[in-house]
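Working notes, beginning with the structure itself.
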Amino acid sequence: MSLVNEEIKAKAEVYHGDEICQEKTKLLLKEVGLPNGLLPLHDIIECGIVRETGFVWLKQKKSITHKFEKIGKLVTYATEVTAMVEPGKIKKLTGVKTKELLIWVSLCDIYLDDPPTGKITFQTPTGLYRTFPCSAFEVEETKDVKEENKEVKEVNAAVEVQDA
């Protein structure tokens, strides 16, 4: 059963289509200070955020399994991933599991260590946790994305100058 209903959607910023959802997902991760490669989803159909509560969701065409090469961990993402986000944290996460030894274990919380040490911790509902370097979940921006970000900053700067 989906946690996202029409009442929640009415209060949310909702986006459709893979390209815009990829962009919004990376922007959200950046806003809360988490690594940009934490949610490597594909073929995203819909994403949304309720800014007042921090509730977010991502729906993709099919579940995927991703290997984070730098740490050698497999993670599976269901067709619907939901969470509550706040600076440095993802709480009440659903739809994400990691493989430990021979079993898949659900993840419920992800948070940056305090004070920031460049480490990120993943916790299960049973209280077990693993900590890894944040760099294992960072994705290099392509030249096109860097150029696009530069252009956006230049346009924003020009608009601010005009407004002043």
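FYI, nothing fancy with the structure tokens labels: chains A, B, ... in order, residues from 1 per chain, ligands from 1 as they appear.
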Every residue of chain A that DSSP places in helix (DSSP H, G or I), as a VMD selection string: chain A and resid 6 to 10 18 to 31 134 to 137 143 to 163
Find the spatial neighbours of A:Thr121, counting only C-alpha atoms, within a cut-off of 9 Å - ignore same-chain residues fewer than 4 positions away - and output them as a ChimeraX atom specification. /A:109-113,129-133
Quick one: residues within 7 Å of stretch 49-53 of chain A, only C-alpha atoms counted, chain neighbours fewer than 6 positions away excluded, as a ChimeraX atom specification? /A:11-14
Nearest to A:Leu27 by atom-to-atom distance, counting only C-alpha atoms, from A:Leu39, A:Leu3, A:Ile45, A:Leu74: A:Leu39
Give the answer as one residue: which of A:Cys47, A:Gly37, A:His16, A:Gln22 has the shortest atom-to-atom distance to A:Val4, using only C-alpha atoms? A:Cys47
For the atom pair atom CA of A:Ala136 and atom CA of A:Tyr15, what is the interatomic distance in Å to one decimal place? 27.9 Å
Within 12 Å of A:Lys67, counting only C-alpha atoms, which residues qualify if same-chain residues fewer than 2 places away don't, as a PyMOL selection string? chain A and resi 37-41+64-65+69-77+97-99+136-137
Within 7 Å of stretch 58-62 of chain A using only C-alpha atoms, minus same-chain residues under 3 positions, as number ranges by chain: A: 42-48, 79-82
What would the file look like if the residues just selected were written as a CSV table (one decimal), in the first residue's frame with N, CA, C and O atoms?
chain,number,residue,atom,x,y,z
A,42,HIS,N,16.5,5.1,-11.1
A,42,HIS,CA,16.3,5.2,-12.6
A,42,HIS,C,14.9,5.2,-13.0
A,42,HIS,O,14.0,4.6,-12.3
A,43,ASP,N,14.6,5.8,-14.1
A,43,ASP,CA,13.2,5.8,-14.6
A,43,ASP,C,12.2,6.3,-13.5
A,43,ASP,O,11.2,5.6,-13.3
A,44,ILE,N,12.5,7.4,-12.9
A,44,ILE,CA,11.6,7.9,-11.9
A,44,ILE,C,10.3,8.5,-12.6
A,44,ILE,O,10.4,9.3,-13.5
A,45,ILE,N,9.2,8.1,-12.1
A,45,ILE,CA,7.9,8.5,-12.6
A,45,ILE,C,7.4,9.7,-11.9
A,45,ILE,O,6.9,10.7,-12.6
A,46,GLU,N,7.6,9.8,-10.6
A,46,GLU,CA,7.0,10.9,-9.8
A,46,GLU,C,7.9,11.1,-8.6
A,46,GLU,O,8.4,10.1,-8.0
A,47,CYS,N,8.0,12.3,-8.1
A,47,CYS,CA,8.7,12.6,-6.9
A,47,CYS,C,7.9,13.8,-6.3
A,47,CYS,O,7.3,14.6,-7.0
A,48,GLY,N,8.0,13.9,-5.0
A,48,GLY,CA,7.3,15.0,-4.3
A,48,GLY,C,7.9,15.3,-2.9
A,48,GLY,O,8.5,14.4,-2.3
A,79,THR,N,9.9,0.2,-5.8
A,79,THR,CA,9.3,1.1,-6.8
A,79,THR,C,8.8,2.4,-6.1
A,79,THR,O,8.7,3.4,-6.7
A,80,GLU,N,8.6,2.3,-4.8
A,80,GLU,CA,8.3,3.5,-4.0
A,80,GLU,C,9.2,3.7,-2.8
A,80,GLU,O,9.3,2.7,-2.0
A,81,VAL,N,9.9,4.8,-2.7
A,81,VAL,CA,10.8,5.1,-1.6
A,81,VAL,C,10.2,6.3,-0.9
A,81,VAL,O,9.9,7.3,-1.6
A,82,THR,N,10.0,6.3,0.4
A,82,THR,CA,9.5,7.4,1.1
A,82,THR,C,10.4,7.7,2.3
A,82,THR,O,11.1,6.8,2.8
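Taking only C-alpha atoms into account, A:Glu31 lies nearest to A:Val85 out of the set A:Val85, A:Lys91, A:Phe68, A:Val56.
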